[in-house]
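Student: structure_24.tsv is reproduced below (TSV, C-alpha atoms).
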chain	number	residue	atom	x	y	z
A	1	MET	CA	124.94	85.71	104.58
A	2	ILE	CA	122.94	83.98	101.83
A	3	CYS	CA	123.20	80.70	103.75
A	4	SER	CA	121.49	82.13	106.84
A	5	GLN	CA	118.88	83.86	104.67
A	6	ASN	CA	118.18	80.56	102.92
A	7	SER	CA	117.73	78.85	106.26
A	8	THR	CA	115.35	81.57	107.44
A	9	PHE	CA	113.45	81.52	104.15
A	10	ARG	CA	112.98	77.75	104.38
A	11	ARG	CA	111.59	78.17	107.90
A	12	TYR	CA	108.80	80.32	106.43
A	13	ASP	CA	108.33	78.31	103.21
A	14	MET	CA	106.35	75.65	105.03
A	15	ASP	CA	105.43	73.55	101.98
A	16	GLY	CA	108.89	73.79	100.37
A	17	ASP	CA	107.66	75.12	97.03
A	18	GLY	CA	110.18	77.97	96.89
A	19	LYS	CA	107.66	80.70	97.78
A	20	ILE	CA	106.22	82.09	100.97
A	21	ASN	CA	102.48	82.47	100.51
A	22	ARG	CA	99.75	83.53	102.93
A	23	HIS	CA	99.19	80.00	104.22
A	24	ASP	CA	102.93	79.42	104.75
A	25	LEU	CA	103.26	82.64	106.72
A	26	LYS	CA	100.31	81.82	108.98
A	27	LEU	CA	101.70	78.32	109.64
A	28	ALA	CA	105.19	79.65	110.32
A	29	PHE	CA	103.91	82.11	112.89
A	30	ARG	CA	101.70	79.46	114.48
A	31	SER	CA	104.71	77.11	114.76
A	32	MET	CA	106.48	79.86	116.74
A	33	GLN	CA	103.40	80.19	118.98
A	34	ARG	CA	102.69	83.63	117.57
A	35	ASP	CA	99.51	84.92	116.06
A	36	ILE	CA	99.39	87.11	112.96
A	37	SER	CA	96.25	88.72	111.61
A	38	ASP	CA	95.10	88.23	108.05
A	39	GLU	CA	95.65	91.95	107.48
A	40	ASP	CA	99.27	91.71	108.68
A	41	VAL	CA	99.83	88.68	106.45
A	42	GLU	CA	98.51	90.61	103.44
A	43	GLU	CA	100.72	93.60	104.24
A	44	TRP	CA	103.82	91.42	104.77
A	45	ILE	CA	103.30	89.69	101.40
A	46	LEU	CA	102.43	92.88	99.48
A	47	ARG	CA	105.52	94.72	100.75
A	48	ARG	CA	107.84	91.95	99.56
A	49	ASP	CA	106.18	90.43	96.48
A	50	SER	CA	107.97	92.04	93.53
A	51	THR	CA	106.09	90.05	90.89
A	52	GLY	CA	102.52	90.50	92.08
A	53	THR	CA	101.91	86.75	92.40
A	54	GLY	CA	100.77	86.88	96.02
A	55	ALA	CA	103.88	85.04	97.18
A	56	VAL	CA	107.41	85.99	98.22
A	57	THR	CA	110.25	84.30	96.35
A	58	PHE	CA	113.70	83.77	97.79
A	59	MET	CA	115.00	86.68	95.69
A	60	ASP	CA	112.25	88.93	97.10
A	61	PHE	CA	113.20	87.77	100.58
A	62	VAL	CA	116.92	88.48	100.05
A	63	ALA	CA	116.13	91.90	98.54
A	64	ASN	CA	114.21	92.82	101.69
A	65	TYR	CA	116.50	91.30	104.30
A	66	GLY	CA	119.88	91.26	102.60
Kindly present the structure from the file in structure tokens form.
Tutor:
Amino acid sequence: MICSQNSTFRRYDMDGDGKINRHDLKLAFRSMQRDISDEDVEEWILRRDSTGTGAVTFMDFVANYG
């Protein structure tokens, strides 16, 4: 299960820095030919960011989708 989550996480972590930030999320959605509003990006990050850094770590991602 962790392997598939890692693969999915990397798909969203567009710059490979180990975090999904606002820019990464917008680019990921654009690469899938989907649009996401700035408000939806903010909400997605806020619901998953356990540290308050404005980015979702792999552990945050696993905690939400594991």
Student: Using only the atoms of segment 4-17 of chain A listed in the file, plus 5 Å on each side, state the axis-aligned box centre and edge lengths in Å rounded to one decimal, as JSON.
Tutor:
{"center_x": 113.5, "center_y": 78.7, "center_z": 102.5, "size_x": 26.1, "size_y": 20.3, "size_z": 20.9}
Student: In the coordinates of the file, take the point (102.0, 87.6, 99.1) and a cut-off of 6 Å; then, counting only C-alpha atoms, name each qualifying protein, DNA or RNA residue as a list of chain:residue names.
Tutor: A:Asn21, A:Ile45, A:Leu46, A:Asp49, A:Gly54, A:Ala55, A:Val56
Student: Pick out the closest residue to Arg30 of chain A from this set: A:Ser50, A:Glu42, A:Tyr12, A:Thr57. Count all atoms listed in the file.
Tutor: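 Of all the options, A:Tyr12 lies closest to Arg30 of chain A.
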Student: Can you measure atom CA of Ser4 of chain A to atom CA of Asp38 of chain A for me? One decimal in Å is fine.
Tutor: 27.1 Å
Student: Around (110.7, 90.8, 106.4) in the file's frame, which residues reach within 10 Å when counting only C-alpha atoms? Return as an MDAnalysis selection string?
Tutor: chainID A and resid 9 44:45 47:48 60:66
Student: Could you check which of A:Arg34, A:Val41, A:Met59, A:Arg10 is closest to Arg22 of chain A, using all atoms listed in the file?
Tutor: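 Checking each candidate against Arg22 of chain A, we get A:Val41 as the closest.
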Student: For Met32 of chain A, work out the shell of residues within 12 Å, counting only C-alpha atoms and skipping chain neighbours fewer than 6 positions away, then give it as a PyMOL selection string.
Tutor: chain A and resi 11-12+25-26
Student: Grab the atom CA of Thr51 of chain A to atom CA of Gln33 of chain A distance for me, in Å with one decimal place.
Tutor: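 Going from atom CA of Thr51 of chain A over to atom CA of Gln33 of chain A covers 29.9 Å.
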Student: Reconstruct N, CA, C and O atoms of segment 49-65 of chain A from the incomplete input and present them as a PDB file, in the coordinates of the input.
Tutor:
ATOM      1  N   ASP A  49     106.473  91.132  97.738  1.00  0.00           N
ATOM      2  CA  ASP A  49     106.180  90.430  96.480  1.00  0.00           C
ATOM      3  C   ASP A  49     106.450  91.337  95.290  1.00  0.00           C
ATOM      4  O   ASP A  49     105.628  92.169  94.933  1.00  0.00           O
ATOM      5  N   SER A  50     107.589  91.168  94.648  1.00  0.00           N
ATOM      6  CA  SER A  50     107.970  92.040  93.530  1.00  0.00           C
ATOM      7  C   SER A  50     107.275  91.680  92.222  1.00  0.00           C
ATOM      8  O   SER A  50     107.269  92.477  91.289  1.00  0.00           O
ATOM      9  N   THR A  51     106.687  90.496  92.153  1.00  0.00           N
ATOM     10  CA  THR A  51     106.090  90.050  90.890  1.00  0.00           C
ATOM     11  C   THR A  51     104.560  90.112  90.878  1.00  0.00           C
ATOM     12  O   THR A  51     103.949  89.840  89.851  1.00  0.00           O
ATOM     13  N   GLY A  52     103.970  90.412  92.019  1.00  0.00           N
ATOM     14  CA  GLY A  52     102.520  90.500  92.080  1.00  0.00           C
ATOM     15  C   GLY A  52     101.807  89.162  92.063  1.00  0.00           C
ATOM     16  O   GLY A  52     100.633  89.089  91.730  1.00  0.00           O
ATOM     17  N   THR A  53     102.500  88.090  92.426  1.00  0.00           N
ATOM     18  CA  THR A  53     101.910  86.750  92.400  1.00  0.00           C
ATOM     19  C   THR A  53     101.201  86.377  93.699  1.00  0.00           C
ATOM     20  O   THR A  53     100.578  85.332  93.772  1.00  0.00           O
ATOM     21  N   GLY A  54     101.354  87.208  94.734  1.00  0.00           N
ATOM     22  CA  GLY A  54     100.770  86.880  96.020  1.00  0.00           C
ATOM     23  C   GLY A  54     101.652  85.974  96.847  1.00  0.00           C
ATOM     24  O   GLY A  54     101.207  85.383  97.827  1.00  0.00           O
ATOM     25  N   ALA A  55     102.916  85.860  96.449  1.00  0.00           N
ATOM     26  CA  ALA A  55     103.880  85.040  97.180  1.00  0.00           C
ATOM     27  C   ALA A  55     105.251  85.702  97.130  1.00  0.00           C
ATOM     28  O   ALA A  55     105.550  86.463  96.209  1.00  0.00           O
ATOM     29  N   VAL A  56     106.067  85.424  98.118  1.00  0.00           N
ATOM     30  CA  VAL A  56     107.410  85.990  98.220  1.00  0.00           C
ATOM     31  C   VAL A  56     108.420  84.927  97.823  1.00  0.00           C
ATOM     32  O   VAL A  56     108.478  83.856  98.434  1.00  0.00           O
ATOM     33  N   THR A  57     109.198  85.219  96.788  1.00  0.00           N
ATOM     34  CA  THR A  57     110.250  84.300  96.350  1.00  0.00           C
ATOM     35  C   THR A  57     111.491  84.505  97.204  1.00  0.00           C
ATOM     36  O   THR A  57     111.601  85.489  97.952  1.00  0.00           O
ATOM     37  N   PHE A  58     112.452  83.617  97.061  1.00  0.00           N
ATOM     38  CA  PHE A  58     113.700  83.770  97.790  1.00  0.00           C
ATOM     39  C   PHE A  58     114.393  85.075  97.403  1.00  0.00           C
ATOM     40  O   PHE A  58     114.928  85.776  98.265  1.00  0.00           O
ATOM     41  N   MET A  59     114.366  85.434  96.130  1.00  0.00           N
ATOM     42  CA  MET A  59     115.000  86.680  95.690  1.00  0.00           C
ATOM     43  C   MET A  59     114.308  87.896  96.296  1.00  0.00           C
ATOM     44  O   MET A  59     114.967  88.855  96.690  1.00  0.00           O
ATOM     45  N   ASP A  60     112.976  87.853  96.409  1.00  0.00           N
ATOM     46  CA  ASP A  60     112.250  88.930  97.100  1.00  0.00           C
ATOM     47  C   ASP A  60     112.700  89.015  98.550  1.00  0.00           C
ATOM     48  O   ASP A  60     112.928  90.097  99.094  1.00  0.00           O
ATOM     49  N   PHE A  61     112.820  87.856  99.169  1.00  0.00           N
ATOM     50  CA  PHE A  61     113.200  87.770 100.580  1.00  0.00           C
ATOM     51  C   PHE A  61     114.602  88.361 100.791  1.00  0.00           C
ATOM     52  O   PHE A  61     114.805  89.182 101.678  1.00  0.00           O
ATOM     53  N   VAL A  62     115.543  87.973  99.946  1.00  0.00           N
ATOM     54  CA  VAL A  62     116.920  88.480 100.050  1.00  0.00           C
ATOM     55  C   VAL A  62     116.943  89.990  99.810  1.00  0.00           C
ATOM     56  O   VAL A  62     117.636  90.724 100.510  1.00  0.00           O
ATOM     57  N   ALA A  63     116.167  90.463  98.847  1.00  0.00           N
ATOM     58  CA  ALA A  63     116.130  91.900  98.540  1.00  0.00           C
ATOM     59  C   ALA A  63     115.631  92.707  99.733  1.00  0.00           C
ATOM     60  O   ALA A  63     116.054  93.835  99.932  1.00  0.00           O
ATOM     61  N   ASN A  64     114.769  92.114 100.541  1.00  0.00           N
ATOM     62  CA  ASN A  64     114.210  92.820 101.690  1.00  0.00           C
ATOM     63  C   ASN A  64     115.011  92.658 102.966  1.00  0.00           C
ATOM     64  O   ASN A  64     114.909  93.485 103.860  1.00  0.00           O
ATOM     65  N   TYR A  65     115.772  91.582 103.067  1.00  0.00           N
ATOM     66  CA  TYR A  65     116.500  91.300 104.300  1.00  0.00           C
ATOM     67  C   TYR A  65     117.996  91.182 104.108  1.00  0.00           C
ATOM     68  O   TYR A  65     118.712  90.806 105.018  1.00  0.00           O
TER      69      TYR A  65
END
